[in-house]
>>> print(open('my_file.txt').read())   # compact mmCIF, C-alpha atoms
# COMPACT_ATOMS: atom_id res chain seq x y z
CA SER A 1 -8.57 -5.69 -2.58
CA GLY A 2 -6.63 -2.53 -3.24
CA ARG A 3 -3.64 -1.93 -5.42
CA GLU A 4 -0.26 -0.32 -5.31
CA ASP A 5 1.72 1.66 -7.84
CA CYS A 6 3.80 -0.46 -10.21
CA ASN A 7 7.05 0.54 -8.44
CA VAL A 8 5.84 -0.58 -4.99
CA ARG A 9 6.83 -4.05 -3.88
CA MET A 10 4.35 -6.27 -2.03
CA LEU A 11 6.42 -8.16 0.53
CA GLY A 12 5.35 -10.34 3.45
CA THR A 13 2.53 -12.78 2.81
CA GLY A 14 1.02 -10.86 -0.08
CA ARG A 15 -2.59 -9.89 -0.70
CA PRO A 16 -5.76 -11.65 -1.70
CA PHE A 17 -6.83 -11.08 -5.28
CA ALA A 18 -9.42 -12.24 -7.76
CA ALA A 19 -9.02 -12.65 -11.49
CA GLU A 20 -11.65 -13.42 -14.06
CA VAL A 21 -10.59 -15.60 -16.98
CA ILE A 22 -12.39 -14.12 -20.01
CA ASP A 23 -11.45 -16.67 -22.70
CA PRO A 24 -10.29 -19.85 -20.95
CA ARG A 25 -10.03 -21.87 -24.18
CA ALA A 26 -7.42 -19.45 -25.52
CA LEU A 27 -5.44 -20.04 -22.33
CA ALA A 28 -5.56 -23.82 -22.06
CA GLY A 29 -7.87 -25.39 -24.62
CA PRO A 30 -11.15 -27.13 -23.79
CA THR A 31 -10.30 -27.77 -20.13
CA LEU A 32 -8.84 -25.23 -17.72
CA SER A 33 -7.27 -26.22 -14.41
CA LEU A 34 -5.87 -24.23 -11.51
CA GLU A 35 -2.44 -25.43 -12.61
CA ASP A 36 -3.03 -23.87 -16.05
CA ILE A 37 -3.99 -20.56 -14.46
CA SER A 38 -1.00 -20.63 -12.10
CA ALA A 39 1.35 -21.36 -15.01
CA ALA A 40 -0.16 -18.47 -16.98
CA VAL A 41 0.45 -16.09 -14.06
CA VAL A 42 4.08 -17.20 -13.87
CA ARG A 43 4.49 -16.79 -17.65
CA VAL A 44 2.94 -13.31 -17.71
CA SER A 45 4.91 -12.10 -14.67
CA SER A 46 8.10 -13.37 -16.28
CA GLU A 47 7.31 -11.61 -19.56
CA MET A 48 6.58 -8.40 -17.65
CA ARG A 49 9.74 -8.79 -15.56
CA ALA A 50 7.57 -8.42 -12.47
CA PRO A 51 8.03 -11.44 -10.23
CA VAL A 52 4.72 -12.68 -8.86
CA ASP A 53 4.16 -15.70 -6.67
CA VAL A 54 0.66 -17.13 -6.40
CA VAL A 55 -0.07 -19.05 -3.22
CA ASP A 56 -3.22 -20.98 -2.38
CA LEU A 57 -4.91 -20.45 -5.74
CA ARG A 58 -8.54 -21.61 -5.81
CA LEU A 59 -11.83 -21.09 -7.53
CA ALA A 60 -14.00 -18.45 -5.88
CA ASP A 61 -17.72 -17.93 -5.84
CA LYS A 62 -19.57 -14.62 -5.70
CA SER A 63 -19.69 -14.52 -1.88
CA ALA A 64 -15.89 -14.89 -1.64
CA LEU A 65 -15.41 -12.02 -4.09
CA GLU A 66 -17.87 -9.86 -2.15
CA ALA A 67 -16.01 -10.60 1.09
CA VAL A 68 -12.70 -9.52 -0.44
CA ASP A 69 -14.30 -6.27 -1.65
CA ALA A 70 -16.02 -5.63 1.71
CA SER A 71 -12.76 -6.11 3.60
CA ALA A 72 -11.26 -3.00 1.99
CA SER A 73 -12.58 -0.84 4.82
CA THR A 74 -11.35 -3.13 7.61
CA LYS A 75 -7.76 -3.54 6.47
CA SER A 76 -4.72 -1.93 7.92
CA LYS A 77 -1.44 -1.93 6.03
CA THR A 78 2.14 -1.77 7.20
CA TYR A 79 4.67 -0.07 4.96
CA ALA A 80 8.39 0.62 4.98
CA CYS A 81 9.77 3.49 2.95
CA VAL A 82 13.07 5.24 2.45
CA VAL A 83 12.63 8.96 3.05
CA TRP A 84 14.83 11.98 2.31
CA PHE A 85 14.56 15.04 4.57
CA ALA A 86 15.62 18.61 3.78
CA ARG A 87 17.43 18.81 7.11
CA VAL A 88 19.25 16.45 9.44
CA VAL A 89 16.89 14.16 11.36
CA THR A 90 17.30 14.35 15.14
CA LYS A 91 16.66 11.99 18.04
CA ARG A 92 13.80 14.31 19.02
CA ASP A 93 12.22 13.76 15.56
CA VAL A 94 12.44 9.99 16.03
CA GLU A 95 10.86 10.23 19.50
CA LYS A 96 8.10 12.56 18.30
CA LEU A 97 7.03 10.19 15.55
CA ALA A 98 7.20 7.16 17.85
CA SER A 99 4.78 8.86 20.26
CA ILE A 100 2.10 9.39 17.60
CA ARG A 101 -0.86 6.99 17.65
CA GLU A 102 -4.09 7.03 15.64
CA LEU A 103 -3.29 10.25 13.78
CA GLU A 104 -6.16 11.45 11.60
CA ILE A 105 -5.07 12.97 8.31
CA ALA A 106 -7.09 14.64 5.57
CA GLN A 107 -6.15 13.65 2.04
CA LYS A 108 -7.52 15.41 -0.99
CA THR A 109 -7.45 13.36 -4.17
CA PRO A 110 -3.73 13.26 -5.06
CA VAL A 111 -2.49 15.15 -8.08
CA ARG A 112 -1.02 11.95 -9.55
CA VAL A 113 -4.41 10.18 -9.65
CA MET A 114 -6.75 13.09 -10.34
CA HIS A 115 -7.32 11.82 -13.88
CA SER A 116 -8.89 8.60 -12.58
CA ARG A 117 -10.39 9.46 -9.19
CA SER A 118 -13.20 11.76 -8.15
CA LEU A 119 -12.21 14.90 -6.29
CA ALA A 120 -12.80 14.38 -2.59
CA THR A 121 -11.21 14.83 0.80
CA ARG A 122 -10.84 11.55 2.63
CA ILE A 123 -10.04 11.16 6.32
CA ARG A 124 -7.56 8.37 6.95
CA VAL A 125 -5.78 7.13 10.05
CA VAL A 126 -2.07 6.58 10.57
CA HIS A 127 -1.94 4.05 13.40
CA SER A 128 1.78 4.28 14.18
CA LEU A 129 5.10 5.67 12.91
CA GLU A 130 8.64 4.43 13.50
CA LEU A 131 11.65 6.22 12.05
CA THR A 132 15.10 4.63 11.78
CA VAL A 133 17.80 7.07 10.73
CA LEU A 134 20.21 5.76 8.09
CA ASN A 135 22.37 8.88 8.05
CA GLY A 136 21.72 12.59 8.56
CA ARG A 137 18.99 13.18 5.97
CA PHE A 138 17.89 9.68 5.06
CA ALA A 139 15.76 7.34 7.13
CA VAL A 140 13.50 4.33 6.91
CA LEU A 141 9.94 5.07 7.96
CA ARG A 142 7.82 2.13 9.03
CA LEU A 143 4.16 3.00 9.36
CA SER A 144 0.85 1.29 9.86
CA THR A 145 -2.21 2.94 8.31
CA ALA A 146 -5.83 2.39 7.47
CA ALA A 147 -6.43 0.99 4.01
CA GLY A 148 -6.82 3.65 1.36
CA THR A 149 -4.14 5.96 2.75
CA TYR A 150 -1.93 7.49 0.08
CA ILE A 151 1.51 6.90 1.59
CA LYS A 152 3.61 8.86 -0.89
CA GLU A 153 1.38 11.89 -0.36
CA PHE A 154 1.50 11.47 3.42
CA VAL A 155 5.28 11.69 3.22
CA HIS A 156 5.66 14.70 0.90
CA GLY A 157 2.33 16.43 1.46
CA ASP A 158 1.28 16.61 -2.20
CA PHE A 159 1.48 20.41 -2.40
CA GLY A 160 -0.52 20.78 0.81
CA ARG A 161 -3.24 18.32 -0.27
CA THR A 162 -2.44 15.93 2.61
CA THR A 163 -2.48 17.40 6.11
CA PRO A 164 -0.72 16.83 8.28
CA SER A 165 2.06 15.24 6.26
CA LEU A 166 5.29 13.74 7.56
CA GLY A 167 7.01 16.97 6.54
CA ASP A 168 4.42 18.97 8.51
CA LEU A 169 4.95 16.81 11.60
CA LEU A 170 8.71 17.39 11.53
CA ASN A 171 8.57 20.95 10.14
CA THR A 172 10.71 20.16 7.10
CA ARG A 173 10.40 18.97 3.53
CA ALA A 174 10.36 15.22 3.02
CA ASP A 175 10.23 13.02 -0.06
CA ILE A 176 9.83 9.31 -0.58
CA LEU A 177 12.48 7.35 -2.46
CA GLN A 178 11.22 3.77 -2.13
CA LEU A 179 8.03 2.17 -0.83
CA ASP A 180 7.29 -1.42 0.16
CA VAL A 181 4.12 -2.98 1.53
CA ILE A 182 5.22 -5.17 4.44
CA ASP A 183 1.88 -6.56 5.61
CA ILE A 184 -1.86 -6.37 5.10
CA SER A 185 -3.99 -7.18 8.13
CA ASP A 186 -7.69 -7.81 7.86
CA GLU A 187 -9.78 -8.16 10.97
CA SER A 188 -12.92 -8.99 9.02
CA ALA A 189 -14.32 -12.34 10.10
CA ALA A 190 -16.16 -12.66 6.80
CA THR A 191 -12.97 -12.39 4.79
CA ARG A 192 -11.16 -14.88 7.02
CA ALA A 193 -14.01 -17.36 6.74
CA THR A 194 -14.17 -17.23 2.95
CA MET A 195 -10.43 -17.45 2.56
CA GLU A 196 -10.13 -20.62 4.69
>>> encode(input="my_file.txt", output="structure tokens")
Amino acid sequence: SGREDCNVRMLGTGRPFAAEVIDPRALAGPTLSLEDISAAVVRVSSEMRAPVDVVDLRLADKSALEAVDASASTKSKTYACVVWFARVVTKRDVEKLASIRELEIAQKTPVRVMHSRSLATRIRVVHSLELTVLNGRFAVLRLSTAAGTYIKEFVHGDFGRTTPSLGDLLNTRADILQLDVIDISDESAATRATME
């Protein structure tokens, strides 16, 4: 169901996930309950200093797992990020971004993941952009995109590997300082049905 970098917070209602328990006896002895699994998640997240809440934990069959995987192409994600710009952001910049809808971008495999991803150019869609200026060169960008969009690279351009980038749109350099996932929407009826 996708993943984010370790320094990206998942806010809002979270995301669906599946986990396979490889050695359940090592976790809880001869019987394993959902409560045992939930307690293990809390313990591990505490040890990793990465707070995780698990809501609506349940056993899943193969069809539920397939539905979660299949929904990857139907998701749209909403993000909020703090962005630095090389020049002062203007009211015209804010208005320009607000007017953009369904922007197609081309993203080559990012430099930061080249070691684990095949080289390809992927077309992704940025559904909407909203910029709130904090002060001259800093702003919060709220954006909604198709699943699979590399947000950090959309902001800074990844050495020209993402076009157009936010910097391209505003004709300046931009860099991302913080990134949060605000929401994940899935319009797939199959996913909704299996998650109910």
>>> residues_near_point(input="my_file.txt", point="(-2.6, 16.4, 5.1)", cutoff="9 Å", atoms="all atoms listed in the file", output="ChimeraX atom specification")
/A:104-108,153-154,157-158,160-166,168
>>> write_last_selection(input="my_file.txt", atoms="C-alpha atoms", output="compact mmCIF listing (two decimals), in the coordinates of the input")
# COMPACT_ATOMS: atom_id res chain seq x y z
CA GLU A 104 -6.16 11.45 11.60
CA ILE A 105 -5.07 12.97 8.31
CA ALA A 106 -7.09 14.64 5.57
CA GLN A 107 -6.15 13.65 2.04
CA LYS A 108 -7.52 15.41 -0.99
CA GLU A 153 1.38 11.89 -0.36
CA PHE A 154 1.50 11.47 3.42
CA GLY A 157 2.33 16.43 1.46
CA ASP A 158 1.28 16.61 -2.20
CA GLY A 160 -0.52 20.78 0.81
CA ARG A 161 -3.24 18.32 -0.27
CA THR A 162 -2.44 15.93 2.61
CA THR A 163 -2.48 17.40 6.11
CA PRO A 164 -0.72 16.83 8.28
CA SER A 165 2.06 15.24 6.26
CA LEU A 166 5.29 13.74 7.56
CA ASP A 168 4.42 18.97 8.51
>>> residues_near_point(input="my_file.txt", point="(1.5, -4.1, 3.8)", cutoff="12 Å", atoms="only C-alpha atoms", output="number ranges by chain")
A: 2-4, 8-16, 75-81, 142-149, 151, 179-186
>>> closest_residue(input="my_file.txt", among="A:Ala67, A:Ile37, A:Ala18, A:Leu131", to="Asp93 of chain A", atoms="only C-alpha atoms")
A:Leu131
>>> closest_residue(input="my_file.txt", among="A:Thr109, A:Thr90, A:Ser116, A:Thr121", to="Asn135 of chain A", atoms="all atoms listed in the file")
A:Thr90
>>> atom_distance(input="my_file.txt", atom1="atom CA of Ser38 of chain A", atom2="atom CA of Gln178 of chain A")
29.1 Å
>>> closest_residue(input="my_file.txt", among="A:Leu57, A:Leu32, A:Val83, A:Val88", to="Val155 of chain A", atoms="all atoms listed in the file")
A:Val83
>>> atom_distance(input="my_file.txt", atom1="atom CA of Leu34 of chain A", atom2="atom CA of Arg58 of chain A")
6.8 Å
>>> atom_distance(input="my_file.txt", atom1="atom CA of Pro110 of chain A", atom2="atom CA of Lys96 of chain A")
26.2 Å
>>> residues_around(input="my_file.txt", residues="Thr132 of chain A", least_positions_apart="4", cutoff="8 Å", atoms="only C-alpha atoms", output="MDAnalysis selection string")
chainID A and resid 94 139:141
>>> residues_around(input="my_file.txt", residues="His156 of chain A", least_positions_apart="6", cutoff="8 Å", atoms="all atoms listed in the file", output="PyMOL selection string")
chain A and resi 165-167+173-176
